[in-house]
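Pasted below: coords_10.cif, mmCIF, C-alpha atoms.
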data_my_file
loop_
_atom_site.group_PDB
_atom_site.id
_atom_site.type_symbol
_atom_site.label_atom_id
_atom_site.label_comp_id
_atom_site.auth_asym_id
_atom_site.auth_seq_id
_atom_site.Cartn_x
_atom_site.Cartn_y
_atom_site.Cartn_z
ATOM 1 C CA TYR Y 94 19.262 14.014 -14.105
ATOM 2 C CA GLN Y 95 16.415 15.940 -12.488
ATOM 3 C CA LEU Y 96 15.690 17.841 -15.687
ATOM 4 C CA LEU Y 97 15.654 14.616 -17.680
ATOM 5 C CA SER Y 98 13.327 13.004 -15.133
ATOM 6 C CA PHE Y 99 11.007 16.013 -15.287
ATOM 7 C CA PHE Y 100 10.626 15.924 -19.062
ATOM 8 C CA LEU Y 101 10.260 12.124 -19.073
ATOM 9 C CA GLY Y 102 7.504 12.294 -16.464
ATOM 10 C CA LEU Y 103 5.822 15.164 -18.276
ATOM 11 C CA GLY Y 104 5.899 13.205 -21.534
ATOM 12 C CA VAL Y 105 4.305 10.155 -19.919
ATOM 13 C CA ALA Y 106 1.582 12.253 -18.259
ATOM 14 C CA VAL Y 107 0.720 14.206 -21.404
ATOM 15 C CA THR Y 108 0.711 11.080 -23.578
ATOM 16 C CA TRP Y 109 -1.575 9.279 -21.131
ATOM 17 C CA SER Y 110 -4.013 12.204 -20.952
ATOM 18 C CA VAL Y 111 -4.266 12.292 -24.762
ATOM 19 C CA VAL Y 112 -4.637 8.563 -25.479
ATOM 20 C CA ARG Y 113 -6.304 7.276 -22.292
ATOM 21 C CA LEU Y 114 -9.751 6.872 -23.854
ATOM 22 C CA ARG Y 115 -8.621 5.615 -27.254
ATOM 23 C CA ALA Y 116 -5.540 3.420 -26.935
ATOM 24 C CA THR Y 117 -5.767 -0.086 -25.486
ATOM 25 C CA TRP Y 118 -2.231 0.285 -24.125
ATOM 26 C CA ALA Y 119 -2.925 3.455 -22.113
ATOM 27 C CA TRP Y 120 -3.098 1.367 -18.934
ATOM 28 C CA VAL Y 121 0.665 0.814 -19.197
ATOM 29 C CA LEU Y 122 1.315 4.551 -18.853
ATOM 30 C CA GLN Y 123 -1.107 4.833 -15.940
ATOM 31 C CA ASP Y 124 0.578 1.946 -14.140
ATOM 32 C CA LEU Y 125 4.015 3.433 -14.800
ATOM 33 C CA SER Y 126 2.914 6.724 -13.272
ATOM 34 C CA GLY Y 127 1.303 4.893 -10.368
ATOM 35 C CA VAL Y 128 4.444 2.921 -9.546
ATOM 36 C CA CYS Y 129 6.448 6.162 -9.503
ATOM 37 C CA ILE Y 130 3.921 7.784 -7.151
ATOM 38 C CA ILE Y 131 3.988 4.796 -4.799
ATOM 39 C CA LEU Y 132 7.802 4.719 -4.728
ATOM 40 C CA THR Y 133 7.837 8.445 -3.967
ATOM 41 C CA ILE Y 134 5.441 7.923 -1.053
ATOM 42 C CA LEU Y 135 7.565 5.115 0.356
ATOM 43 C CA SER Y 136 10.750 7.166 0.009
ATOM 44 C CA PHE Y 137 9.305 10.030 2.062
ATOM 45 C CA LEU Y 138 7.156 8.299 4.687
ATOM 46 C CA LYS Y 139 8.690 6.051 7.331
ATOM 47 C CA MET Y 140 7.277 4.165 10.306
ATOM 48 C CA PRO Y 141 9.314 4.996 13.442
ATOM 49 C CA ASN Y 142 8.211 1.921 15.394
ATOM 50 C CA LEU Y 143 5.845 -1.027 15.239
ATOM 51 C CA LYS Y 144 3.287 0.614 17.536
ATOM 52 C CA ILE Y 145 2.725 3.477 15.098
ATOM 53 C CA ALA Y 146 2.628 1.018 12.187
ATOM 54 C CA SER Y 147 0.022 -1.127 13.973
ATOM 55 C CA ILE Y 148 -2.212 1.867 14.731
ATOM 56 C CA LEU Y 149 -1.963 3.211 11.180
ATOM 57 C CA LEU Y 150 -2.572 -0.079 9.378
ATOM 58 C CA SER Y 151 -5.411 -1.088 11.705
ATOM 59 C CA GLY Y 152 -7.083 2.300 11.273
ATOM 60 C CA MET Y 153 -6.792 2.142 7.491
ATOM 61 C CA MET Y 154 -8.165 -1.386 7.495
ATOM 62 C CA PHE Y 155 -11.320 -0.359 9.396
ATOM 63 C CA TYR Y 156 -11.643 2.736 7.186
ATOM 64 C CA ASP Y 157 -11.511 0.467 4.156
ATOM 65 C CA ILE Y 158 -14.074 -1.954 5.548
ATOM 66 C CA PHE Y 159 -16.475 0.826 6.551
ATOM 67 C CA PHE Y 160 -16.631 2.520 3.153
ATOM 68 C CA VAL Y 161 -16.849 -0.709 1.186
ATOM 69 C CA PHE Y 162 -19.232 -2.811 3.291
ATOM 70 C CA ILE Y 163 -20.901 -0.662 5.978
ATOM 71 C CA GLN Y 164 -21.490 2.696 4.265
ATOM 72 C CA PRO Y 165 -23.683 1.175 1.498
ATOM 73 C CA LEU Y 166 -25.818 -0.526 4.163
ATOM 74 C CA LEU Y 167 -26.233 2.651 6.214
ATOM 75 C CA PHE Y 168 -27.142 4.906 3.296
ATOM 76 C CA ARG Y 169 -28.621 2.235 1.010
ATOM 77 C CA ASN Y 170 -26.583 3.208 -2.025
ATOM 78 C CA GLU Y 171 -23.453 2.190 -3.897
ATOM 79 C CA SER Y 172 -20.122 2.475 -2.117
ATOM 80 C CA VAL Y 173 -18.669 5.984 -2.500
ATOM 81 C CA MET Y 174 -15.208 4.467 -2.814
ATOM 82 C CA LYS Y 175 -16.254 2.301 -5.738
ATOM 83 C CA LYS Y 176 -18.093 5.115 -7.495
ATOM 84 C CA VAL Y 177 -15.161 7.543 -7.241
ATOM 85 C CA ALA Y 178 -12.451 5.106 -8.268
ATOM 86 C CA THR Y 179 -14.364 3.723 -11.250
ATOM 87 C CA GLY Y 180 -15.482 7.127 -12.518
ATOM 88 C CA GLY Y 181 -19.171 6.792 -11.690
ATOM 89 C CA GLY Y 182 -21.402 7.361 -14.696
ATOM 90 C CA THR Y 183 -18.455 8.306 -16.927
ATOM 91 C CA HIS Y 184 -16.970 4.782 -16.611
ATOM 92 C CA GLU Y 185 -13.524 6.372 -16.833
ATOM 93 C CA ILE Y 186 -11.003 4.860 -14.439
ATOM 94 C CA LEU Y 187 -9.296 7.656 -12.521
ATOM 95 C CA PRO Y 188 -5.479 7.701 -12.205
ATOM 96 C CA MET Y 189 -5.643 6.501 -8.601
ATOM 97 C CA ALA Y 190 -5.191 2.789 -9.145
ATOM 98 C CA LEU Y 191 -3.007 0.267 -10.900
ATOM 99 C CA ILE Y 192 -4.852 -1.315 -13.832
ATOM 100 C CA ILE Y 193 -4.508 -4.925 -14.961
ATOM 101 C CA PRO Y 194 -6.466 -5.925 -18.089
ATOM 102 C CA GLU Y 195 -8.362 -9.194 -17.977
ATOM 103 C CA PHE Y 196 -7.122 -10.619 -21.252
ATOM 104 C CA THR Y 197 -9.739 -13.369 -21.229
ATOM 105 C CA GLN Y 198 -12.502 -10.748 -21.168
ATOM 106 C CA GLY Y 199 -11.999 -7.975 -23.678
ATOM 107 C CA GLY Y 200 -12.489 -4.496 -22.219
ATOM 108 C CA ALA Y 201 -12.574 -5.655 -18.575
ATOM 109 C CA TYR Y 202 -10.023 -4.513 -16.008
ATOM 110 C CA SER Y 203 -8.987 -5.283 -12.448
ATOM 111 C CA LEU Y 204 -7.864 -2.370 -10.289
ATOM 112 C CA LEU Y 205 -5.604 -2.136 -7.256
ATOM 113 C CA GLY Y 206 -5.671 1.166 -5.388
ATOM 114 C CA TYR Y 207 -2.407 2.998 -4.732
ATOM 115 C CA GLY Y 208 -3.119 2.886 -1.004
ATOM 116 C CA ASP Y 209 -3.357 -0.904 -1.107
ATOM 117 C CA VAL Y 210 0.286 -0.940 -2.154
ATOM 118 C CA ALA Y 211 1.673 2.138 -0.378
ATOM 119 C CA ILE Y 212 0.236 1.503 3.093
ATOM 120 C CA PRO Y 213 1.368 -2.145 3.370
ATOM 121 C CA GLY Y 214 4.604 -0.977 1.741
ATOM 122 C CA LEU Y 215 5.287 1.206 4.784
ATOM 123 C CA LEU Y 216 5.441 -1.952 6.874
ATOM 124 C CA CYS Y 217 7.827 -3.540 4.366
ATOM 125 C CA VAL Y 218 10.071 -0.461 4.542
ATOM 126 C CA TYR Y 219 10.072 -0.648 8.340
ATOM 127 C CA ALA Y 220 10.960 -4.347 8.183
ATOM 128 C CA ALA Y 221 13.798 -3.606 5.741
ATOM 129 C CA GLY Y 222 15.102 -0.895 8.064
ATOM 130 C CA TRP Y 223 15.035 -3.235 11.062
ATOM 131 C CA ASP Y 224 16.851 -5.939 9.102
ATOM 132 C CA ALA Y 225 19.501 -3.465 7.948
ATOM 133 C CA MET Y 226 19.963 -2.090 11.468
ATOM 134 C CA HIS Y 227 20.466 -5.551 12.940
ATOM 135 C CA ARG Y 228 22.243 -6.995 9.880
ATOM 136 C CA LEU Y 229 19.627 -9.693 9.318
ATOM 137 C CA ARG Y 230 19.413 -11.453 5.974
ATOM 138 C CA GLY Y 231 16.863 -13.662 4.271
ATOM 139 C CA LEU Y 232 14.321 -15.414 6.455
ATOM 140 C CA ALA Y 233 16.342 -14.500 9.527
ATOM 141 C CA GLY Y 234 14.926 -11.009 9.055
ATOM 142 C CA TYR Y 235 11.410 -9.643 8.624
ATOM 143 C CA PHE Y 236 11.325 -8.141 5.131
ATOM 144 C CA TRP Y 237 10.716 -11.342 3.200
ATOM 145 C CA ILE Y 238 8.136 -12.419 5.766
ATOM 146 C CA GLN Y 239 6.234 -9.237 4.932
ATOM 147 C CA ILE Y 240 6.524 -9.901 1.208
ATOM 148 C CA ALA Y 241 5.078 -13.380 1.771
ATOM 149 C CA GLY Y 242 2.299 -11.853 3.882
ATOM 150 C CA TYR Y 243 1.438 -9.411 1.099
ATOM 151 C CA VAL Y 244 1.252 -12.196 -1.469
ATOM 152 C CA CYS Y 245 -1.035 -14.208 0.821
ATOM 153 C CA GLY Y 246 -3.235 -11.150 1.369
ATOM 154 C CA ILE Y 247 -3.571 -10.532 -2.366
ATOM 155 C CA CYS Y 248 -4.485 -14.193 -2.916
ATOM 156 C CA LEU Y 249 -7.199 -13.913 -0.251
ATOM 157 C CA THR Y 250 -8.482 -10.720 -1.891
ATOM 158 C CA VAL Y 251 -8.765 -12.462 -5.256
ATOM 159 C CA ALA Y 252 -10.562 -15.384 -3.631
ATOM 160 C CA ALA Y 253 -12.979 -13.003 -1.869
ATOM 161 C CA LEU Y 254 -13.635 -11.285 -5.201
ATOM 162 C CA ALA Y 255 -14.379 -14.617 -6.837
ATOM 163 C CA ILE Y 256 -17.120 -15.430 -4.328
ATOM 164 C CA ASP Y 257 -18.143 -11.747 -3.963
ATOM 165 C CA ILE Y 258 -18.050 -11.477 -0.178
ATOM 166 C CA GLY Y 259 -20.230 -8.576 0.904
ATOM 167 C CA GLY Y 260 -22.068 -8.412 -2.397
ATOM 168 C CA GLN Y 261 -20.513 -5.098 -3.464
ATOM 169 C CA GLY Y 262 -18.672 -6.421 -6.503
ATOM 170 C CA GLY Y 263 -15.410 -5.411 -4.843
ATOM 171 C CA GLN Y 264 -13.288 -6.022 -1.783
ATOM 172 C CA PRO Y 265 -11.454 -3.841 0.746
ATOM 173 C CA ALA Y 266 -7.998 -5.268 0.084
ATOM 174 C CA LEU Y 267 -6.608 -3.934 3.373
ATOM 175 C CA CYS Y 268 -9.126 -6.158 5.147
ATOM 176 C CA TRP Y 269 -7.070 -9.117 3.923
ATOM 177 C CA LEU Y 270 -3.621 -7.573 3.594
ATOM 178 C CA VAL Y 271 -3.315 -6.083 7.085
ATOM 179 C CA PRO Y 272 -4.060 -9.289 9.055
ATOM 180 C CA CYS Y 273 -1.667 -11.292 6.857
ATOM 181 C CA MET Y 274 1.179 -8.786 7.101
ATOM 182 C CA LEU Y 275 0.764 -7.217 10.522
ATOM 183 C CA GLY Y 276 -0.312 -10.501 12.110
ATOM 184 C CA SER Y 277 2.741 -12.344 10.782
ATOM 185 C CA PHE Y 278 5.007 -9.455 11.828
ATOM 186 C CA LEU Y 279 3.691 -9.297 15.395
ATOM 187 C CA GLY Y 280 3.670 -13.080 15.773
ATOM 188 C CA THR Y 281 7.203 -13.544 14.457
ATOM 189 C CA ALA Y 282 8.554 -10.628 16.516
ATOM 190 C CA HIS Y 283 6.965 -12.037 19.675
ATOM 191 C CA TRP Y 284 8.368 -15.501 18.986
ATOM 192 C CA ARG Y 285 11.866 -14.087 18.420
ATOM 193 C CA GLY Y 286 11.715 -11.801 21.448
ATOM 194 C CA ASP Y 287 11.934 -8.558 19.418
ATOM 195 C CA LEU Y 288 8.387 -7.316 19.900
ATOM 196 C CA LYS Y 289 8.976 -5.154 22.983
ATOM 197 C CA GLU Y 290 11.903 -3.347 21.420
ATOM 198 C CA MET Y 291 10.074 -2.867 18.110
ATOM 199 C CA TRP Y 292 7.032 -1.536 19.959
ATOM 200 C CA THR Y 293 8.817 1.075 22.065
ATOM 201 C CA THR Y 294 12.032 1.952 20.224
ATOM 202 C CA ASP Y 295 12.121 4.278 17.244
ATOM 203 C CA LEU Y 296 14.059 2.981 14.295
ATOM 204 C CA PRO Y 297 16.463 5.447 12.635
ATOM 205 C CA PHE Y 298 15.759 6.144 8.994
ATOM 206 C CA LEU Y 299 17.884 4.257 6.497
ATOM 207 C CA GLU Y 300 19.433 7.540 5.348
ATOM 208 C CA ASP Y 301 20.679 8.209 8.885
ATOM 209 C CA MET Y 302 22.075 4.686 9.108
ATOM 210 C CA ALA Y 303 23.993 5.170 5.864
ATOM 211 C CA ILE Y 304 25.403 8.521 6.995
ATOM 212 C CA ASN Y 305 26.438 7.223 10.394
ATOM 213 C CA GLY Y 306 27.692 3.833 9.278
ATOM 214 C CA GLY Y 307 24.668 1.912 10.549
ATOM 215 C CA GLY Y 308 25.716 2.093 14.174
ATOM 216 C CA SER Y 309 24.699 5.464 15.507
ATOM 217 C CA THR Y 310 22.444 8.418 14.896
ATOM 218 C CA SER Y 311 22.563 12.084 15.795
ATOM 219 C CA SER Y 312 23.472 13.384 19.228
ATOM 220 C CA THR Y 313 19.778 13.721 20.135
ATOM 221 C CA SER Y 314 19.277 9.965 19.911
ATOM 222 C CA THR Y 315 19.006 7.718 22.950
ATOM 223 C CA ARG Y 316 19.670 4.017 23.173
ATOM 224 C CA SER Y 317 17.460 1.167 24.189
ATOM 225 C CA PRO Y 318 18.785 -1.665 26.377
ATOM 226 C CA ARG Y 319 19.785 -3.639 23.264
ATOM 227 C CA GLY Y 320 21.632 -0.657 21.848
ATOM 228 C CA THR Y 321 19.179 0.279 19.109
ATOM 229 C CA PRO Y 322 19.130 4.036 18.440
ATOM 230 C CA ARG Y 323 15.901 5.723 19.398
ATOM 231 C CA ARG Y 324 14.697 8.875 17.741
ATOM 232 C CA SER Y 325 11.380 10.638 17.680
ATOM 233 C CA SER Y 326 9.753 11.216 14.330
ATOM 234 C CA ASP Y 327 6.330 11.744 12.873
ATOM 235 C CA CYS Y 328 4.435 10.226 10.029
ATOM 236 C CA ARG Y 329 1.654 11.440 7.814
ATOM 237 C CA THR Y 330 -0.760 9.017 6.268
ATOM 238 C CA VAL Y 331 -2.017 8.450 2.750
ATOM 239 C CA SER Y 332 -5.649 7.597 2.169
ATOM 240 C CA PRO Y 333 -6.040 4.179 0.549
ATOM 241 C CA LEU Y 334 -7.909 3.482 -2.624
ATOM 242 C CA ARG Y 335 -9.912 0.390 -3.248
ATOM 243 C CA SER Y 336 -9.845 -2.700 -5.375
ATOM 244 C CA TRP Y 337 -12.955 -3.991 -7.050
ATOM 245 C CA ARG Y 338 -14.376 -6.255 -9.689
ATOM 246 C CA THR Y 339 -17.324 -5.003 -11.743
ATOM 247 C CA PRO Y 340 -19.301 -6.476 -14.646
ATOM 248 C CA ARG Y 341 -17.671 -6.686 -18.036
ATOM 249 C CA SER Y 342 -20.340 -4.465 -19.516
ATOM 250 C CA THR Y 343 -19.147 -1.474 -17.480
ATOM 251 C CA ARG Y 344 -15.507 -1.926 -18.613
ATOM 252 C CA ARG Y 345 -14.238 -1.707 -15.060
ATOM 253 C CA SER Y 346 -13.333 -4.052 -12.276
ATOM 254 C CA PHE Y 347 -11.910 -2.894 -9.008
ATOM 255 C CA TRP Y 348 -10.129 -4.365 -6.005
ATOM 256 C CA THR Y 349 -9.955 -2.046 -3.049
#

Using C-alpha cells, write down the structure from this file.
Amino acid sequence: YQLLSFFLGLGVAVTWSVVRLRATWAWVLQDLSGVCIILTILSFLKMPNLKIASILLSGMMFYDIFFVFIQPLLFRNESVMKKVATGGGTHEILPMALIIPEFTQGGAYSLLGYGDVAIPGLLCVYAAGWDAMHRLRGLAGYFWIQIAGYVCGICLTVAALAIDIGGQGGQPALCWLVPCMLGSFLGTAHWRGDLKEMWTTDLPFLEDMAINGGGSTSSTSTRSPRGTPRRSSDCRTVSPLRSWRTPRSTRRSFWT
C-alpha cells in the first residue's frame, strides 16, 4: 500500500511539473496534491484544548491581516504574500494554494492558500474529537457548527473580494474565517456550559480514544471534574497562505 501510494504520488508530482505551464487541466493535479498535503497536516497536528486553538487561530489571523493590509502601507509596495503566492513577475502560481479556474473568464484563476484550509481545519478536528469523546451527534455536537462557520467565512471572503476591501486585490481569508468559526465555537460552548472544560482540559487524540475504547487514556492522564481525560501535548503551527483576486490580464487571482 505504501509503495503504491509512493509511486502514485510521484507520478502526479512529475506529471504536474511537466505540464503545469502548457495544459489547461494542470490545476487538477495541483489541487489533488494540495488536498493530500492538507490531509497530512490535519492527521499529524492536533489541538489539545480550546485555549491553544484560540491563541493559534487569533495569532494567524493577525499575521494574515498584517501582511495583506498593513505591510503594503508601511513599506509602500505590493503585499509580499501576494507576490510570493502568485509568482511575482513570472506569473506562475506556486504549488502552495488550491486553484479554481474562473470559467467565465478564460485564463483567470481564484486561489485559496493551504493555510486557509489547514488552520481552520485544526479547529474542525478538535470539534470532531470533542464530539467523539462525548458521543455527540449532528447539531448536538460542534463539528457541523464549525463546518457552517467555515462556509460563512468563505462567503464573506468572496463578498470582500467583490468589493475589494483594502484595495489590495485580495483578502486575508483568516480575517473572515476565524471570527466565524472561533466565535461560533466559543459562543456555543459558553451557552452549553462546556467552555470552561474545553478551555482547561486537554482532549485525548482520536487515536488514543480508539485504542482505549473512548473512555480512558494512558496512566499519565488525569481527569477533570466531568471525567474527561486530560493529557499534555504540544502543537506546531503551519504558516498560512493567502487568497487573492487579481486582474484577468495577469492570469492569476488569489484569496488569502

Which residues are near segment 134-137 of chain Y? Cut-off 7 Å, only C-alpha atoms, ignore same chain within fewer than 3 positions. Put them as a PyMOL selection string.
chain Y and resi 130-131+211+214-215

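Note that atom CA of Ala241 of chain Y and atom CA of Leu288 of chain Y are 19.4 Å apart.
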
Compute the distance from (12.9, 5.0, 9.9) to each atom, counting only C-alpha atoms, keep the residues with any atom at most 6 Å away, and return them as a ChimeraX atom specification; use the coordinates of the file.
/Y:139-141,296-298

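Atom CA of Lys144 of chain Y to atom CA of Ile247 of chain Y spans 23.8 Å [interatomic distance, one decimal].
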
Residues matched by the PyMOL selection byres ((chain Y and resi 287) around 12), written as a PyMOL selection string:
chain Y and resi 142-143+223-224+227+234-235+278-286+288-294+318-319+321

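Across the structure, atom CA of Ile148 of chain Y and atom CA of Trp269 of chain Y are spaced 16.2 Å apart.
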
With the PyMOL selection byres ((chain Y and resi 210) around 10) as the selection, what would be picked from this file? Answer as a ChimeraX atom specification, please.
/Y:128,131-132,135,190-191,205-209,211-215,243,266-267,270,333-334

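Across Y:Leu254, Y:Leu216, Y:Ala225, Y:Gln239, the tightest approach to Ser147 of chain Y is made by Y:Leu216 when counting all atoms listed in the file.
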
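Nearest residue to Trp118 of chain Y, choosing from Y:Gly259, Y:Phe155, Y:Ile193, Y:Ser98 and counting all atoms listed in the file: Y:Ile193.
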
Counting all atoms listed in the file, figure out which residue out of Y:Ala253, Y:Leu204, Y:Ile240, Y:Ala220 gets nearest to Trp120 of chain Y.
Y:Leu204

Shortest interatomic distance to Leu275 of chain Y - which of Y:Pro188, Y:Tyr202, Y:Leu232, Y:Gly242, counting all atoms listed in the file
Y:Gly242
